[in-house]
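Visitor: My structure is below; once you've seen it, I'll send some questions.
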Amino acid sequence: MQIRISISRQRLELWRNAVCVSSFSVSTALNGPGEAKNSGCTPCGEHLVRAKIGAGMPLCTVFIARRATGEIYSSDLACQYPGRDWILSRILWLSGCEIGRNRLGSVDTMQRYIYIHGTPDAEPMGQPLSHGCIRMRNTDVADLFERVDVGTRVIIEE
């Protein structure tokens with residue numbers, strides 16, 4: 001298995017043996033591609049899934065700092081916390097594989113907490129709006145989560 005993410009097309013594809021088996025609309029960074037710490041950009045290059053967080057949790061489970069808060073996202077909860085960057089349902093935490101590009105130092109994807117994660121269903125897909133992560137519909141990220149393992153290769157291209 002391999003995940004390929006196109007920033008320009010706002011698509012995530014799951015590949016098996018040189019065949020695309022699934023394709024999902026995503027939302028990458030509003031600030032575009034880039035690897036620098038605190039840039040709010042989506043890092044490019046070769047990555048891998050370092051950790052999977054949220055197995056067995058209900059859809060729309062709210063996570064803060066990779067921990068379930070005990071909340072389930074709702075419009076009422078959104079009104080209570082209007083500025084929150086919602087991380088929902090599942091987290092695939094990415095780690096860069098290219099030293100100096102997306103690994104170590106001021107460009108380290110994992111230290112930047114770059115994830116593939118769920119987002120409120122009211123958030124648009126197919127346009128860059130995130131703070132650097134790759135946002136997906138909750139049902140889509142749950143599906144992807146079940147189909148990939150820790151160590152799965154992730155290629156992010158402009």
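Here, A, B, ... name the chains of the structure tokens in the order displayed, residue numbers run from 1 inside each chain, and ligands are numbered from 1 in the same displayed order.
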If we count only C-alpha atoms and set the cut-off at 12 Å, which residues sit around segment 81-89 of chain A, ignoring sequence neighbours fewer than 6 positions away in its own chain? Please answer as a ChimeraX atom specification.
Guide: /A:52-75,113-123,129-145
Visitor: At a cut-off of 9 Å, using only C-alpha atoms, what residues contact segment 21-23 of chain A? Leave out same-chain residues fewer than 4 positions from it and give the result as a list in words.
Guide: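 The neighbour list is Arg11, Leu12, Glu13, Leu14, Trp15, Arg16 and Leu144 of chain A.
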Visitor: Keeping all heavy atoms for every residue in the selection just given, could you write it to a file as a PDB file, in the first residue's frame?
Guide:
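Produced file out.pdb, reproduced below:
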```pdb
ATOM      1  N   ARG A  11      -6.341  15.891  -3.772  1.00  0.00           N
ATOM      2  CA  ARG A  11      -6.768  14.483  -3.797  1.00  0.00           C
ATOM      3  C   ARG A  11      -5.791  13.633  -3.009  1.00  0.00           C
ATOM      4  O   ARG A  11      -4.586  13.872  -3.035  1.00  0.00           O
ATOM      5  CB  ARG A  11      -6.821  13.918  -5.219  1.00  0.00           C
ATOM      6  CG  ARG A  11      -7.742  14.579  -6.196  1.00  0.00           C
ATOM      7  CD  ARG A  11      -9.192  14.471  -5.896  1.00  0.00           C
ATOM      8  NE  ARG A  11      -9.711  13.114  -5.845  1.00  0.00           N
ATOM      9  CZ  ARG A  11     -10.968  12.832  -5.499  1.00  0.00           C
ATOM     10  NH1 ARG A  11     -11.807  13.802  -5.177  1.00  0.00           N
ATOM     11  NH2 ARG A  11     -11.383  11.595  -5.459  1.00  0.00           N
ATOM     12  N   LEU A  12      -6.329  12.632  -2.353  1.00  0.00           N
ATOM     13  CA  LEU A  12      -5.549  11.576  -1.726  1.00  0.00           C
ATOM     14  C   LEU A  12      -5.944  10.286  -2.406  1.00  0.00           C
ATOM     15  O   LEU A  12      -7.131   9.982  -2.526  1.00  0.00           O
ATOM     16  CB  LEU A  12      -5.844  11.507  -0.228  1.00  0.00           C
ATOM     17  CG  LEU A  12      -5.088  10.459   0.596  1.00  0.00           C
ATOM     18  CD1 LEU A  12      -4.918  10.937   2.036  1.00  0.00           C
ATOM     19  CD2 LEU A  12      -5.743   9.094   0.572  1.00  0.00           C
ATOM     20  N   GLU A  13      -4.945   9.541  -2.853  1.00  0.00           N
ATOM     21  CA  GLU A  13      -5.187   8.257  -3.509  1.00  0.00           C
ATOM     22  C   GLU A  13      -4.484   7.156  -2.736  1.00  0.00           C
ATOM     23  O   GLU A  13      -3.359   7.334  -2.268  1.00  0.00           O
ATOM     24  CB  GLU A  13      -4.679   8.273  -4.946  1.00  0.00           C
ATOM     25  CG  GLU A  13      -5.383   9.298  -5.808  1.00  0.00           C
ATOM     26  CD  GLU A  13      -4.784   9.439  -7.195  1.00  0.00           C
ATOM     27  OE1 GLU A  13      -3.594   9.076  -7.379  1.00  0.00           O
ATOM     28  OE2 GLU A  13      -5.496   9.925  -8.083  1.00  0.00           O
ATOM     29  N   LEU A  14      -5.148   6.026  -2.636  1.00  0.00           N
ATOM     30  CA  LEU A  14      -4.566   4.837  -2.025  1.00  0.00           C
ATOM     31  C   LEU A  14      -4.221   3.878  -3.152  1.00  0.00           C
ATOM     32  O   LEU A  14      -5.084   3.533  -3.972  1.00  0.00           O
ATOM     33  CB  LEU A  14      -5.560   4.203  -1.051  1.00  0.00           C
ATOM     34  CG  LEU A  14      -5.081   2.971  -0.290  1.00  0.00           C
ATOM     35  CD1 LEU A  14      -3.859   3.297   0.558  1.00  0.00           C
ATOM     36  CD2 LEU A  14      -6.204   2.409   0.568  1.00  0.00           C
ATOM     37  N   TRP A  15      -2.944   3.493  -3.209  1.00  0.00           N
ATOM     38  CA  TRP A  15      -2.438   2.633  -4.281  1.00  0.00           C
ATOM     39  C   TRP A  15      -2.006   1.287  -3.712  1.00  0.00           C
ATOM     40  O   TRP A  15      -1.420   1.216  -2.630  1.00  0.00           O
ATOM     41  CB  TRP A  15      -1.236   3.291  -4.959  1.00  0.00           C
ATOM     42  CG  TRP A  15      -1.620   4.450  -5.817  1.00  0.00           C
ATOM     43  CD1 TRP A  15      -2.027   5.687  -5.404  1.00  0.00           C
ATOM     44  CD2 TRP A  15      -1.654   4.480  -7.240  1.00  0.00           C
ATOM     45  NE1 TRP A  15      -2.309   6.484  -6.475  1.00  0.00           N
ATOM     46  CE2 TRP A  15      -2.082   5.764  -7.623  1.00  0.00           C
ATOM     47  CE3 TRP A  15      -1.353   3.540  -8.222  1.00  0.00           C
ATOM     48  CZ2 TRP A  15      -2.219   6.141  -8.947  1.00  0.00           C
ATOM     49  CZ3 TRP A  15      -1.480   3.907  -9.545  1.00  0.00           C
ATOM     50  CH2 TRP A  15      -1.914   5.190  -9.905  1.00  0.00           C
ATOM     51  N   ARG A  16      -2.305   0.229  -4.463  1.00  0.00           N
ATOM     52  CA  ARG A  16      -1.838  -1.116  -4.155  1.00  0.00           C
ATOM     53  C   ARG A  16      -1.310  -1.735  -5.438  1.00  0.00           C
ATOM     54  O   ARG A  16      -2.036  -1.803  -6.440  1.00  0.00           O
ATOM     55  CB  ARG A  16      -2.960  -1.988  -3.602  1.00  0.00           C
ATOM     56  CG  ARG A  16      -2.486  -3.415  -3.275  1.00  0.00           C
ATOM     57  CD  ARG A  16      -3.603  -4.358  -2.857  1.00  0.00           C
ATOM     58  NE  ARG A  16      -4.234  -3.917  -1.621  1.00  0.00           N
ATOM     59  CZ  ARG A  16      -5.558  -3.782  -1.483  1.00  0.00           C
ATOM     60  NH1 ARG A  16      -6.371  -4.044  -2.481  1.00  0.00           N
ATOM     61  NH2 ARG A  16      -6.055  -3.392  -0.334  1.00  0.00           N
ATOM     62  N   LEU A 144      -9.824   4.924   5.325  1.00  0.00           N
ATOM     63  CA  LEU A 144      -8.384   4.890   5.052  1.00  0.00           C
ATOM     64  C   LEU A 144      -7.616   4.287   6.235  1.00  0.00           C
ATOM     65  O   LEU A 144      -6.728   3.451   6.052  1.00  0.00           O
ATOM     66  CB  LEU A 144      -7.881   6.309   4.757  1.00  0.00           C
ATOM     67  CG  LEU A 144      -6.395   6.446   4.452  1.00  0.00           C
ATOM     68  CD1 LEU A 144      -6.056   5.762   3.129  1.00  0.00           C
ATOM     69  CD2 LEU A 144      -6.006   7.920   4.407  1.00  0.00           C
TER      70      LEU A 144
END
```
Visitor: Could you please determine the separation between atom CA of Cys44 of chain A and atom CA of Ser25 of chain A in Å, to one decimal place?
Guide: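 About the pair atom CA of Cys44 of chain A and atom CA of Ser25 of chain A: they are 17.6 Å apart.
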Visitor: If you run DSSP on the backbone, which residues of chain A are alpha helix (DSSP H), as a PDB file with N, CA, C and O atoms, in the first residue's frame?
Guide:
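The result, written out as selection-v2.pdb:
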```
ATOM      1  N   SER A  75     -22.626  20.771  16.091  1.00  0.00           N
ATOM      2  CA  SER A  75     -22.697  22.210  15.814  1.00  0.00           C
ATOM      3  C   SER A  75     -22.744  23.005  17.120  1.00  0.00           C
ATOM      4  O   SER A  75     -22.196  24.107  17.200  1.00  0.00           O
ATOM      5  N   ASP A  76     -23.371  22.450  18.167  1.00  0.00           N
ATOM      6  CA  ASP A  76     -23.385  23.127  19.470  1.00  0.00           C
ATOM      7  C   ASP A  76     -21.974  23.258  20.039  1.00  0.00           C
ATOM      8  O   ASP A  76     -21.591  24.310  20.559  1.00  0.00           O
ATOM      9  N   LEU A  77     -21.179  22.176  19.930  1.00  0.00           N
ATOM     10  CA  LEU A  77     -19.803  22.210  20.405  1.00  0.00           C
ATOM     11  C   LEU A  77     -18.985  23.225  19.603  1.00  0.00           C
ATOM     12  O   LEU A  77     -18.178  23.967  20.156  1.00  0.00           O
ATOM     13  N   ALA A  78     -19.229  23.274  18.294  1.00  0.00           N
ATOM     14  CA  ALA A  78     -18.529  24.232  17.433  1.00  0.00           C
ATOM     15  C   ALA A  78     -18.833  25.671  17.864  1.00  0.00           C
ATOM     16  O   ALA A  78     -17.943  26.528  17.854  1.00  0.00           O
ATOM     17  N   CYS A  79     -20.066  25.944  18.260  1.00  0.00           N
ATOM     18  CA  CYS A  79     -20.436  27.287  18.733  1.00  0.00           C
ATOM     19  C   CYS A  79     -19.737  27.635  20.045  1.00  0.00           C
ATOM     20  O   CYS A  79     -19.384  28.790  20.278  1.00  0.00           O
ATOM     21  N   GLN A  80     -19.521  26.618  20.902  1.00  0.00           N
ATOM     22  CA  GLN A  80     -18.827  26.839  22.177  1.00  0.00           C
ATOM     23  C   GLN A  80     -17.357  27.182  21.972  1.00  0.00           C
ATOM     24  O   GLN A  80     -16.778  27.919  22.769  1.00  0.00           O
ATOM     25  N   ASN A 138     -14.914  12.522   7.662  1.00  0.00           N
ATOM     26  CA  ASN A 138     -14.774  11.561   8.749  1.00  0.00           C
ATOM     27  C   ASN A 138     -14.930  10.118   8.293  1.00  0.00           C
ATOM     28  O   ASN A 138     -14.143   9.250   8.683  1.00  0.00           O
ATOM     29  N   THR A 139     -15.907   9.849   7.455  1.00  0.00           N
ATOM     30  CA  THR A 139     -16.082   8.473   6.962  1.00  0.00           C
ATOM     31  C   THR A 139     -14.904   8.060   6.083  1.00  0.00           C
ATOM     32  O   THR A 139     -14.485   6.902   6.117  1.00  0.00           O
ATOM     33  N   ASP A 140     -14.346   9.006   5.323  1.00  0.00           N
ATOM     34  CA  ASP A 140     -13.207   8.701   4.455  1.00  0.00           C
ATOM     35  C   ASP A 140     -11.952   8.398   5.268  1.00  0.00           C
ATOM     36  O   ASP A 140     -11.237   7.434   4.972  1.00  0.00           O
ATOM     37  N   VAL A 141     -11.673   9.212   6.290  1.00  0.00           N
ATOM     38  CA  VAL A 141     -10.464   8.966   7.082  1.00  0.00           C
ATOM     39  C   VAL A 141     -10.588   7.670   7.884  1.00  0.00           C
ATOM     40  O   VAL A 141      -9.610   6.937   8.054  1.00  0.00           O
ATOM     41  N   ALA A 142     -11.790   7.335   8.327  1.00  0.00           N
ATOM     42  CA  ALA A 142     -11.989   6.064   9.039  1.00  0.00           C
ATOM     43  C   ALA A 142     -11.757   4.885   8.097  1.00  0.00           C
ATOM     44  O   ALA A 142     -11.140   3.883   8.489  1.00  0.00           O
ATOM     45  N   ASP A 143     -12.217   5.012   6.866  1.00  0.00           N
ATOM     46  CA  ASP A 143     -11.996   3.968   5.857  1.00  0.00           C
ATOM     47  C   ASP A 143     -10.501   3.810   5.575  1.00  0.00           C
ATOM     48  O   ASP A 143      -9.958   2.699   5.611  1.00  0.00           O
ATOM     49  N   LEU A 144      -9.824   4.924   5.325  1.00  0.00           N
ATOM     50  CA  LEU A 144      -8.384   4.890   5.052  1.00  0.00           C
ATOM     51  C   LEU A 144      -7.616   4.287   6.235  1.00  0.00           C
ATOM     52  O   LEU A 144      -6.728   3.451   6.052  1.00  0.00           O
ATOM     53  N   PHE A 145      -7.973   4.695   7.436  1.00  0.00           N
ATOM     54  CA  PHE A 145      -7.325   4.236   8.668  1.00  0.00           C
ATOM     55  C   PHE A 145      -7.330   2.708   8.756  1.00  0.00           C
ATOM     56  O   PHE A 145      -6.334   2.095   9.151  1.00  0.00           O
ATOM     57  N   GLU A 146      -8.456   2.102   8.406  1.00  0.00           N
ATOM     58  CA  GLU A 146      -8.581   0.642   8.487  1.00  0.00           C
ATOM     59  C   GLU A 146      -7.779  -0.081   7.403  1.00  0.00           C
ATOM     60  O   GLU A 146      -7.466  -1.256   7.554  1.00  0.00           O
ATOM     61  N   ARG A 147      -7.438   0.619   6.342  1.00  0.00           N
ATOM     62  CA  ARG A 147      -6.797  -0.023   5.193  1.00  0.00           C
ATOM     63  C   ARG A 147      -5.283   0.126   5.148  1.00  0.00           C
ATOM     64  O   ARG A 147      -4.629  -0.508   4.316  1.00  0.00           O
TER      65      ARG A 147
END
```
Visitor: What's the 10 Å shell around Asp108 of chain A, counting only C-alpha atoms, without same-chain residues fewer than 6 positions away, as a compact mmCIF listing (two decimals) with C-alpha atoms, in the first residue's frame?
Guide:
```
# COMPACT_ATOMS: atom_id res chain seq x y z
CA GLU A 35 8.29 22.28 5.03
CA ALA A 36 9.38 25.02 7.46
CA LYS A 37 8.33 24.87 11.11
CA PRO A 43 5.10 19.40 3.66
CA LEU A 94 3.16 11.48 9.44
CA SER A 95 6.95 11.36 9.69
CA GLY A 96 9.25 12.70 6.98
CA CYS A 97 11.80 10.38 5.36
CA GLU A 98 14.08 12.93 3.66
CA ILE A 99 16.72 14.40 5.98
CA GLY A 100 16.92 18.16 5.49
CA ARG A 101 13.71 18.32 3.46
CA ASN A 102 11.01 17.00 5.81
CA ILE A 114 1.33 16.96 10.53
```
Visitor: Can you work out the spacing between atom CA of Leu92 of chain A and atom CA of Asn31 of chain A in Å, to one decimal?
Guide: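 Between atom CA of Leu92 of chain A and atom CA of Asn31 of chain A the gap is 20.9 Å.
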Visitor: Pull the strand (DSSP E) assignments for segment 56-143 of chain A out of DSSP run on the backbone, and list those residues as number ranges by chain.
Guide: A: 61-64, 67-72, 87-96, 115-118, 134-136
Visitor: Output N, CA and C atoms for every residue in that selection, as an mmCIF file, in the first residue's frame.
Guide:
```cif
data_model
loop_
_atom_site.group_PDB
_atom_site.id
_atom_site.type_symbol
_atom_site.label_atom_id
_atom_site.label_comp_id
_atom_site.auth_asym_id
_atom_site.auth_seq_id
_atom_site.Cartn_x
_atom_site.Cartn_y
_atom_site.Cartn_z
ATOM 1 N N THR A 61 -15.237 11.790 16.999
ATOM 2 C CA THR A 61 -14.534 11.948 18.274
ATOM 3 C C THR A 61 -13.567 13.115 18.136
ATOM 4 N N VAL A 62 -13.523 13.976 19.149
ATOM 5 C CA VAL A 62 -12.649 15.147 19.149
ATOM 6 C C VAL A 62 -11.309 14.776 19.795
ATOM 7 N N PHE A 63 -10.224 15.175 19.116
ATOM 8 C CA PHE A 63 -8.876 14.967 19.642
ATOM 9 C C PHE A 63 -8.193 16.312 19.860
ATOM 10 N N ILE A 64 -7.480 16.412 20.976
ATOM 11 C CA ILE A 64 -6.584 17.536 21.236
ATOM 12 C C ILE A 64 -5.267 16.920 21.696
ATOM 13 N N ARG A 67 -5.082 13.128 21.887
ATOM 14 C CA ARG A 67 -5.858 12.444 22.920
ATOM 15 C C ARG A 67 -7.340 12.741 22.706
ATOM 16 N N ALA A 68 -8.161 11.710 22.819
ATOM 17 C CA ALA A 68 -9.611 11.911 22.742
ATOM 18 C C ALA A 68 -10.050 12.733 23.951
ATOM 19 N N THR A 69 -10.872 13.738 23.709
ATOM 20 C CA THR A 69 -11.322 14.630 24.785
ATOM 21 C C THR A 69 -12.557 14.105 25.501
ATOM 22 N N GLY A 70 -13.202 13.088 24.926
ATOM 23 C CA GLY A 70 -14.474 12.621 25.457
ATOM 24 C C GLY A 70 -15.654 13.317 24.779
ATOM 25 N N GLU A 71 -15.354 14.270 23.894
ATOM 26 C CA GLU A 71 -16.401 15.005 23.171
ATOM 27 C C GLU A 71 -16.646 14.348 21.814
ATOM 28 N N ILE A 72 -17.859 14.502 21.332
ATOM 29 C CA ILE A 72 -18.222 14.145 19.961
ATOM 30 C C ILE A 72 -18.616 15.458 19.288
ATOM 31 N N ILE A 87 -9.811 18.389 15.032
ATOM 32 C CA ILE A 87 -9.172 17.144 14.611
ATOM 33 C C ILE A 87 -10.094 16.039 15.097
ATOM 34 N N LEU A 88 -10.704 15.344 14.136
ATOM 35 C CA LEU A 88 -11.792 14.424 14.454
ATOM 36 C C LEU A 88 -11.542 13.002 13.930
ATOM 37 N N SER A 89 -12.177 12.057 14.568
ATOM 38 C CA SER A 89 -12.369 10.657 14.145
ATOM 39 C C SER A 89 -11.122 9.786 14.188
ATOM 40 N N ARG A 90 -10.113 10.088 13.379
ATOM 41 C CA ARG A 90 -8.886 9.292 13.304
ATOM 42 C C ARG A 90 -7.724 10.214 12.974
ATOM 43 N N ILE A 91 -6.522 9.786 13.396
ATOM 44 C CA ILE A 91 -5.293 10.518 13.084
ATOM 45 C C ILE A 91 -4.281 9.537 12.513
ATOM 46 N N LEU A 92 -3.723 9.876 11.365
ATOM 47 C CA LEU A 92 -2.546 9.200 10.823
ATOM 48 C C LEU A 92 -1.419 10.226 10.931
ATOM 49 N N TRP A 93 -0.514 10.019 11.882
ATOM 50 C CA TRP A 93 0.564 10.965 12.163
ATOM 51 C C TRP A 93 1.719 10.664 11.222
ATOM 52 N N LEU A 94 2.144 11.667 10.463
ATOM 53 C CA LEU A 94 3.164 11.480 9.444
ATOM 54 C C LEU A 94 4.564 11.826 9.947
ATOM 55 N N SER A 95 5.543 11.105 9.408
ATOM 56 C CA SER A 95 6.947 11.364 9.690
ATOM 57 C C SER A 95 7.680 11.478 8.360
ATOM 58 N N GLY A 96 8.478 12.522 8.199
ATOM 59 C CA GLY A 96 9.251 12.698 6.977
ATOM 60 C C GLY A 96 10.360 11.660 6.863
ATOM 61 N N TYR A 115 -0.705 15.679 10.333
ATOM 62 C CA TYR A 115 -1.550 14.484 10.319
ATOM 63 C C TYR A 115 -2.404 14.429 9.054
ATOM 64 N N ILE A 116 -2.910 13.245 8.791
ATOM 65 C CA ILE A 116 -4.106 13.053 7.974
ATOM 66 C C ILE A 116 -5.199 12.816 9.007
ATOM 67 N N HIS A 117 -6.246 13.638 9.000
ATOM 68 C CA HIS A 117 -7.268 13.529 10.045
ATOM 69 C C HIS A 117 -8.635 13.958 9.538
ATOM 70 N N GLY A 118 -9.656 13.603 10.307
ATOM 71 C CA GLY A 118 -11.018 14.016 10.002
ATOM 72 C C GLY A 118 -11.256 15.452 10.403
ATOM 73 N N ILE A 134 -3.535 17.324 6.410
ATOM 74 C CA ILE A 134 -4.395 16.875 5.320
ATOM 75 C C ILE A 134 -5.727 16.497 5.958
ATOM 76 N N ARG A 135 -6.753 17.285 5.685
ATOM 77 C CA ARG A 135 -8.090 17.052 6.241
ATOM 78 C C ARG A 135 -8.896 16.172 5.296
ATOM 79 N N MET A 136 -9.710 15.298 5.896
ATOM 80 C CA MET A 136 -10.589 14.413 5.133
ATOM 81 C C MET A 136 -11.967 14.382 5.783
#
```
Visitor: For a test of reading the model, state the distance in Å between atom CA of Asp149 of chain A and atom CA of Val107 of chain A, rounded to one decimal.
Guide: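 Here the two named atoms are 24.2 Å from each other.
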Visitor: Contacts of Gly45 of chain A at 7 Å or less, counting only C-alpha atoms, minus same-chain residues fewer than 4 places along, as a short mmCIF file (atom, residue, chain, number, x, y, z; two decimals) with all heavy atoms, in the first residue's frame?
Guide:
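The new file out.cif reads:
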```cif
data_model
loop_
_atom_site.label_atom_id
_atom_site.label_comp_id
_atom_site.auth_asym_id
_atom_site.auth_seq_id
_atom_site.Cartn_x
_atom_site.Cartn_y
_atom_site.Cartn_z
N ILE A 155 3.39 9.77 -0.12
CA ILE A 155 4.06 10.73 -1.00
C ILE A 155 3.16 11.96 -1.14
O ILE A 155 2.00 11.83 -1.54
CB ILE A 155 4.34 10.13 -2.40
CG1 ILE A 155 5.11 8.82 -2.30
CG2 ILE A 155 5.04 11.14 -3.29
CD1 ILE A 155 6.48 8.94 -1.69
N ILE A 156 3.69 13.12 -0.79
CA ILE A 156 2.94 14.37 -0.93
C ILE A 156 3.62 15.20 -2.02
O ILE A 156 4.81 15.52 -1.92
CB ILE A 156 2.88 15.15 0.38
CG1 ILE A 156 2.30 14.27 1.50
CG2 ILE A 156 2.07 16.43 0.20
CD1 ILE A 156 2.31 14.91 2.88
N GLU A 157 2.85 15.52 -3.06
CA GLU A 157 3.37 16.26 -4.21
C GLU A 157 2.60 17.56 -4.39
O GLU A 157 1.42 17.63 -4.11
CB GLU A 157 3.23 15.43 -5.49
CG GLU A 157 3.96 14.10 -5.42
CD GLU A 157 3.68 13.21 -6.62
OE1 GLU A 157 2.54 13.21 -7.11
OE2 GLU A 157 4.61 12.53 -7.04
#
```
